[in-house]
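J.: File follows, target.txt with compact mmCIF, C-alpha atoms:
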# COMPACT_ATOMS: atom_id res chain seq x y z
CA MET A 98 194.82 -149.22 116.87
CA ALA A 99 191.59 -149.97 118.50
CA LYS A 100 188.82 -151.00 116.22
CA ARG A 101 186.32 -148.23 115.63
CA LYS A 102 182.73 -148.94 116.48
CA SER A 103 180.12 -147.22 114.39
CA LEU A 104 176.44 -147.53 113.67
CA ILE A 105 173.99 -146.38 111.03
CA LYS A 106 170.44 -145.93 112.25
CA ILE A 107 167.43 -145.33 110.04
CA LYS A 108 164.10 -144.05 111.36
CA PRO A 109 161.45 -145.35 110.84
CA LYS A 110 162.74 -148.92 110.61
CA LYS A 111 160.23 -149.96 107.94
CA PHE A 112 159.96 -147.60 105.02
CA LYS A 113 158.59 -147.49 101.51
CA ASP A 114 160.21 -146.51 98.24
CA GLY A 115 160.26 -142.74 97.83
CA GLU A 116 159.90 -142.03 101.52
CA VAL A 117 162.12 -139.48 103.27
CA VAL A 118 163.79 -141.07 106.30
CA LYS A 119 166.04 -139.90 109.10
CA VAL A 120 169.57 -141.29 108.96
CA SER A 121 171.96 -141.13 111.92
CA PHE A 122 175.59 -142.09 111.80
CA MET A 123 177.21 -142.62 115.18
CA VAL A 124 180.86 -143.41 115.77
CA MET A 125 183.02 -144.02 118.82
CA HIS A 126 185.80 -141.46 118.34
CA PRO A 127 187.81 -139.41 120.90
CA MET A 128 187.58 -136.10 118.92
CA GLU A 129 190.71 -134.77 120.65
CA THR A 130 191.19 -131.04 120.01
CA GLY A 131 194.95 -130.95 120.52
CA SER A 132 194.78 -128.19 123.14
CA ARG A 133 193.92 -130.41 126.10
CA LYS A 134 196.62 -131.41 128.58
CA ASP A 135 197.14 -134.76 130.23
CA LYS A 136 196.65 -134.16 133.98
CA LYS A 137 199.41 -136.60 135.02
CA THR A 138 202.18 -135.94 132.50
CA LYS A 139 201.32 -132.22 131.79
CA GLN A 140 201.83 -132.93 128.11
CA LEU A 141 199.49 -131.86 125.32
CA ILE A 142 197.36 -134.67 124.00
CA PRO A 143 197.87 -134.76 120.22
CA ALA A 144 194.92 -133.78 118.06
CA LYS A 145 192.76 -136.51 116.61
CA TYR A 146 189.44 -135.46 115.18
CA ILE A 147 187.23 -136.36 112.24
CA ASN A 148 187.95 -134.28 109.13
CA SER A 149 185.31 -135.27 106.68
CA VAL A 150 182.26 -137.50 106.46
CA LYS A 151 180.69 -138.75 103.25
CA PHE A 152 177.28 -140.35 102.75
CA ASN A 153 177.18 -142.48 99.62
CA TYR A 154 173.93 -144.08 98.46
CA ASN A 155 174.02 -146.45 95.48
CA GLY A 156 177.25 -144.95 94.19
CA LYS A 157 175.98 -141.39 94.43
CA VAL A 158 177.35 -138.97 97.02
CA ILE A 159 174.36 -137.43 98.75
CA THR A 160 175.96 -135.55 101.65
CA THR A 161 179.49 -134.44 102.44
CA MET A 162 180.59 -132.79 105.67
CA ASN A 163 183.72 -130.86 106.59
CA VAL A 164 184.21 -131.34 110.30
CA TRP A 165 186.36 -129.39 112.79
CA GLU A 166 187.42 -130.20 116.34
CA ALA A 167 184.39 -128.53 117.96
CA LEU A 168 182.26 -131.66 117.69
CA SER A 169 181.72 -133.70 120.84
CA THR A 170 183.35 -137.00 121.71
CA ASN A 171 181.55 -139.91 120.04
CA PRO A 172 179.78 -137.67 117.51
CA VAL A 173 176.42 -138.25 115.87
CA PHE A 174 175.60 -136.95 112.40
CA THR A 175 171.91 -136.85 111.58
CA THR A 176 170.37 -135.91 108.23
CA TYR A 177 167.46 -136.98 106.08
CA MET A 178 167.59 -139.10 102.96
CA LYS A 179 165.14 -139.93 100.19
CA ILE A 180 164.78 -143.68 99.59
CA ASN A 181 165.32 -144.45 95.93
CA GLY A 182 165.16 -148.19 95.36
CA LYS A 183 167.10 -151.08 96.83
CA GLY A 184 170.72 -150.52 97.53
CA LYS A 185 173.46 -149.77 99.99
CA LEU A 186 174.22 -146.71 102.10
CA THR A 187 177.93 -146.30 102.80
CA VAL A 188 179.31 -143.76 105.24
CA THR A 189 183.04 -143.02 105.09
CA PHE A 190 185.01 -140.78 107.41
CA THR A 191 188.63 -139.65 107.56
CA ASP A 192 190.29 -138.20 110.64
CA SER A 193 193.17 -135.79 111.12
CA THR A 194 195.69 -138.59 111.67
CA GLY A 195 194.73 -140.22 108.37
CA GLU A 196 192.53 -142.97 109.72
CA VAL A 197 189.78 -144.03 107.32
CA HIS A 198 186.68 -145.91 108.37
CA GLU A 199 183.77 -147.22 106.37
CA LYS A 200 180.37 -148.51 107.43
CA SER A 201 177.57 -149.63 105.21
CA LYS A 202 173.97 -150.67 105.59
CA LYS A 203 171.65 -152.43 103.15
CA ILE A 204 168.52 -150.54 102.21
CA LYS A 205 165.42 -152.59 101.47
CA PRO A 206 162.26 -150.56 100.95
CA LYS A 207 159.01 -152.47 101.34
CA GLY A 208 156.09 -151.94 99.01
CA MET B 190 209.69 -92.24 157.52
CA GLN B 191 211.23 -95.51 156.48
CA ARG B 192 207.88 -97.19 156.45
CA ARG B 193 206.39 -94.45 154.26
CA GLU B 194 209.21 -94.69 151.74
CA PHE B 195 208.90 -98.40 151.63
CA PHE B 196 205.23 -98.13 150.69
CA LYS B 197 206.01 -95.50 148.06
CA LYS B 198 208.56 -97.80 146.45
CA LEU B 199 206.17 -100.69 146.68
CA GLY B 200 203.48 -98.66 144.93
CA ALA B 201 205.87 -97.61 142.17
CA ALA B 202 207.00 -101.19 141.65
CA ALA B 203 203.39 -102.37 141.50
CA THR B 204 202.46 -99.86 138.80
CA VAL B 205 205.50 -100.80 136.75
CA ALA B 206 204.59 -104.46 137.09
CA ALA B 207 200.99 -103.74 136.14
CA VAL B 208 202.06 -101.87 133.01
CA VAL B 209 204.60 -104.45 131.95
CA SER B 210 202.83 -107.66 132.90
CA PRO B 211 199.93 -107.56 130.39
CA SER B 212 202.31 -107.34 127.46
CA ILE B 213 204.43 -110.14 128.91
CA SER B 214 201.51 -112.45 129.55
CA PHE B 215 200.04 -111.66 126.14
CA GLY B 216 203.35 -112.48 124.51
CA ALA B 217 203.61 -115.75 126.39
CA ASP B 218 200.00 -116.85 125.94
CA ALA B 219 199.29 -115.87 122.37
CA PRO B 220 201.43 -118.45 120.55
CA LYS B 221 200.48 -121.19 122.99
CA LYS B 222 196.76 -120.72 122.59
CA LYS B 223 196.91 -120.50 118.82
CA GLY B 224 195.89 -123.80 117.30
CA PRO B 225 196.54 -124.77 113.68
CA ASN B 226 192.89 -124.26 112.69
CA ASP B 227 192.02 -121.18 114.73
CA LEU B 228 189.72 -118.81 112.90
CA SER B 229 187.37 -116.13 114.17
CA TYR B 230 183.65 -116.23 113.42
CA GLU B 231 183.73 -113.15 111.15
CA ALA B 232 186.66 -114.48 109.12
CA ALA B 233 185.00 -117.88 108.76
CA VAL B 234 181.71 -116.36 107.54
CA ASN B 235 183.59 -114.10 105.13
CA ALA B 236 185.46 -117.07 103.67
CA ILE B 237 182.17 -118.87 103.01
CA THR B 238 180.04 -116.03 101.67
CA GLY B 239 182.82 -114.26 99.81
CA GLY B 240 182.26 -110.91 101.51
CA LYS B 241 178.44 -110.90 101.35
CA THR B 242 176.53 -110.34 104.57
CA PRO B 243 174.01 -113.12 105.15
CA LYS B 244 170.40 -112.04 105.79
CA LYS B 245 168.57 -112.94 108.95
CA SER B 246 165.74 -115.27 108.14
CA ASN B 247 162.96 -117.06 109.98
CA LYS B 248 163.12 -119.92 107.47
CA ILE B 249 165.80 -121.46 109.65
CA LYS B 250 164.79 -123.31 112.78
CA LEU B 251 167.81 -123.43 115.06
CA LYS B 252 167.20 -125.59 118.08
CA VAL B 253 169.73 -125.32 120.91
CA PRO B 254 169.26 -125.44 124.69
CA GLU B 255 169.07 -122.06 126.47
CA ILE B 256 171.20 -123.32 129.32
CA ALA B 257 173.73 -126.11 128.80
CA GLU B 258 174.98 -127.62 132.04
CA ASN B 259 177.82 -129.41 130.34
CA GLY B 260 179.65 -127.54 127.58
CA ALA B 261 181.17 -130.74 126.23
CA VAL B 262 177.87 -132.01 124.85
CA VAL B 263 175.51 -129.37 123.47
CA PRO B 264 172.89 -130.70 121.05
CA VAL B 265 172.36 -128.52 117.97
CA THR B 266 169.61 -129.02 115.41
CA VAL B 267 169.22 -126.99 112.23
CA GLU B 268 166.16 -127.28 110.03
CA VAL B 269 165.54 -125.15 106.94
CA GLU B 270 162.24 -124.72 105.13
CA SER B 271 162.94 -125.76 101.56
CA PRO B 272 161.22 -127.88 98.91
CA MET B 273 164.57 -129.66 98.19
CA THR B 274 163.92 -130.05 94.45
CA ASP B 275 166.58 -129.82 91.75
CA ALA B 276 165.64 -126.19 91.10
CA ASP B 277 165.46 -125.01 94.70
CA TYR B 278 167.38 -126.69 97.48
CA VAL B 279 169.67 -125.98 100.39
CA LYS B 280 173.27 -126.29 99.26
CA ALA B 281 175.05 -126.15 102.59
CA ILE B 282 174.50 -125.69 106.31
CA HIS B 283 177.42 -124.21 108.26
CA VAL B 284 177.36 -124.31 112.05
CA PHE B 285 179.53 -121.96 114.13
CA ALA B 286 180.34 -121.64 117.81
CA THR B 287 181.10 -117.92 117.69
CA LYS B 288 183.56 -117.68 120.58
CA ASN B 289 185.44 -120.95 120.30
CA ALA B 290 189.09 -120.58 119.22
CA ASN B 291 188.15 -122.23 115.95
CA ALA B 292 184.66 -120.86 115.32
CA ARG B 293 183.91 -123.42 112.64
CA ALA B 294 182.14 -126.53 113.90
CA ILE B 295 180.83 -128.29 110.80
CA ASP B 296 179.95 -127.63 107.17
CA VAL B 297 177.27 -129.91 105.74
CA HIS B 298 176.88 -130.02 101.96
CA LEU B 299 173.45 -131.29 100.99
CA THR B 300 171.95 -132.40 97.68
CA PRO B 301 168.32 -132.74 96.50
CA ALA B 302 168.63 -136.48 97.30
CA ASN B 303 168.39 -135.62 101.00
CA GLY B 304 164.70 -134.80 100.69
CA LYS B 305 164.74 -132.52 103.73
CA ALA B 306 167.13 -129.80 104.83
CA PHE B 307 167.91 -131.04 108.30
CA PHE B 308 171.05 -131.57 110.31
CA SER B 309 171.70 -132.37 113.94
CA THR B 310 174.78 -133.12 116.01
CA ARG B 311 176.41 -132.39 119.37
CA ILE B 312 179.17 -129.83 119.79
CA LYS B 313 181.65 -128.63 122.42
CA LEU B 314 181.47 -125.07 123.75
CA GLY B 315 184.23 -123.33 125.70
CA GLY B 316 181.83 -120.96 127.47
CA THR B 317 178.64 -118.93 127.18
CA GLN B 318 178.29 -117.77 123.59
CA ASP B 319 176.12 -117.61 120.49
CA ILE B 320 175.63 -120.57 118.21
CA ALA B 321 175.20 -119.32 114.67
CA THR B 322 174.33 -121.01 111.43
CA VAL B 323 174.80 -119.79 107.87
CA VAL B 324 172.73 -121.53 105.19
CA GLU B 325 173.63 -121.40 101.52
CA LEU B 326 170.68 -121.77 99.11
CA SER B 327 170.95 -123.02 95.55
CA SER B 328 170.05 -119.52 94.30
CA GLY B 329 173.32 -118.24 95.76
CA GLU B 330 171.65 -116.50 98.68
CA PHE B 331 172.95 -116.73 102.22
CA ILE B 332 170.67 -116.68 105.24
CA THR B 333 171.59 -116.83 108.90
CA ALA B 334 170.24 -117.41 112.40
CA ALA B 335 171.83 -117.31 115.83
CA GLN B 336 170.94 -118.12 119.40
CA ASN B 337 172.66 -117.66 122.73
CA VAL B 338 173.60 -120.62 124.91
CA LYS B 339 174.55 -120.27 128.58
CA VAL B 340 177.22 -122.75 129.52
CA THR B 341 177.75 -123.64 133.18
CA ILE B 342 180.89 -125.75 132.72
CA GLY B 343 183.08 -125.24 129.67
CA GLY B 344 183.85 -128.23 127.52
CA CYS B 345 187.14 -127.33 125.85
CA GLY B 346 190.03 -128.65 127.91
Take the structure in the file and write it out as C-alpha cells.
T.:
Amino acid sequence: MAKRKSLIKIKPKKFKDGEVVKVSFMVMHPMETGSRKDKKTKQLIPAKYINSVKFNYNGKVITTMNVWEALSTNPVFTTYMKINGKGKLTVTFTDSTGEVHEKSKKIKPKG
Amino acid sequence: MQRREFFKKLGAAATVAAVVSPSISFGADAPKKKGPNDLSYEAAVNAITGGKTPKKSNKIKLKVPEIAENGAVVPVTVEVESPMTDADYVKAIHVFATKNANARAIDVHLTPANGKAFFSTRIKLGGTQDIATVVELSSGEFITAAQNVKVTIGGCG
C-alpha cells in the first residue's frame, strides 16, 4: 500500500490566541467511485473512497464529516477553527476499504 | 408487390422492436447502474430533515461556478451567517449534487469551536445539474439554497 500523503494548512500562518483561522486538510487519495471501468481490461475498478473525516483539537472533536464518493480525486476539506491555547490538531480519516490515516499539526499561538 | 410487402414487414418489425426494446434495455441497465450507496436527492433530504421541508434562505452563501468545464473538479463553497455561540450555531452543512446517482456528497457536522460556519471542497458532477445545500441550525430549523452548474464534460466515469 502506497503511503498516503496529506497536509494540514492553516491561514494565516501567524495567529493569536482566540483568533478564528482557516484550516485546510488535503490528502492524496484516488476517491474511486466503483462505477468506473478500466479502459484496457473492461473491468470495474473497485470502490475506494473516504468515508469519514474527523478534526480533533486538544482531545476535543470539533468537526466530523460523512463523505460519499462524489468528492473529487485528492480532496480538500476546508473549515474554520477557533484557536484555544497551545496544542495539537489531529485529522483522522477512514476510507471504504478500511484504511485509516492520521495527520497532526502543532498549534502555537503567538501573543 | 414484393418490395411493398417487404417494407410493410420491416415496419411491423421495427415497431415491435421499438415497443420491446425499452423494457429490455431498462431491465439490463437498471441493476448495473445501481451502486450500493445510490440515493435520490429527495430521499436524502427526507432522511436528514425527517420529513420537514427546508426553507429557502438568503443566510446561506453558496458559491459554485456557473459553468464548469471539467465535471471532475467543481469547487463548492458554503458559508452561513451565524454567530456560532453555544446558544446559536450551525449544526451541520449537507451538500448535494442533485442528479448524481448518489445525490449525497458530504455531511459536515460543526460545533461552536469552529468559530465560523464555513465549508469548502471540490466535487465530481456527472452532468449539468443543481448543487444544493441543506443547513441544520441548532434551533432545529432547516434552511436550504441551490444553484445550477453547467457541466461541459461529465466527471463520473
J.: Which chain B residues are at most 7 Å from chain A (counting all atoms listed in the file), as a PyMOL selection string?
T.: chain B and resi 261-262+293-300+302-305+307-313+346
J.: So how many Å separate atom CA of Asp319 of chain B and atom CA of Phe331 of chain B, to one decimal?
T.: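 One can read the atom CA of Asp319 of chain B to atom CA of Phe331 of chain B distance as 18.6 Å.
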J.: Might you pull out every residue within 9 Å of segment 226-234 of chain B, with only C-alpha atoms counted and same-chain residues fewer than 5 positions away left off, and present them as a compact mmCIF listing (two decimals) with C-alpha atoms, in the frame of the given file?
T.:
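Result file part33.txt:
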# COMPACT_ATOMS: atom_id res chain seq x y z
CA TRP A 165 186.36 -129.39 112.79
CA GLU A 166 187.42 -130.20 116.34
CA GLY B 239 182.82 -114.26 99.81
CA GLY B 240 182.26 -110.91 101.51
CA LYS B 241 178.44 -110.90 101.35
CA THR B 242 176.53 -110.34 104.57
CA PRO B 243 174.01 -113.12 105.15
CA HIS B 283 177.42 -124.21 108.26
CA PHE B 285 179.53 -121.96 114.13
CA ALA B 286 180.34 -121.64 117.81
CA THR B 287 181.10 -117.92 117.69
CA LYS B 288 183.56 -117.68 120.58
CA ASN B 289 185.44 -120.95 120.30
CA ALA B 290 189.09 -120.58 119.22
CA ASN B 291 188.15 -122.23 115.95
CA ALA B 292 184.66 -120.86 115.32
CA ARG B 293 183.91 -123.42 112.64
CA VAL B 323 174.80 -119.79 107.87
J.: Report, in Å with one decimal, the straight-line distance from atom CA of Gly343 of chain B to atom CA of Thr317 of chain B.
T.: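 Taking atom CA of Gly343 of chain B as the start and atom CA of Thr317 of chain B as the end point, the length is 8.1 Å.
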J.: Which neighbours of Gly329 of chain B fall inside 10 Å, counting only C-alpha atoms, when residues of the same chain fewer than 6 positions from it are skipped, and could you give them as a PDB file with C-alpha atoms, in the coordinates of the input?
T.:
ATOM      1  CA  THR B 238     180.040-116.030 101.670  1.00  0.00           C
ATOM      2  CA  VAL B 279     169.670-125.980 100.390  1.00  0.00           C
ATOM      3  CA  LYS B 280     173.270-126.290  99.260  1.00  0.00           C
TER       4      LYS B 280
END
J.: So what do you get for atom CA of Lys185 of chain A versus atom CA of Lys202 of chain A, distance-wise?
T.: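 Between these atoms lies a distance of 5.7 Å.
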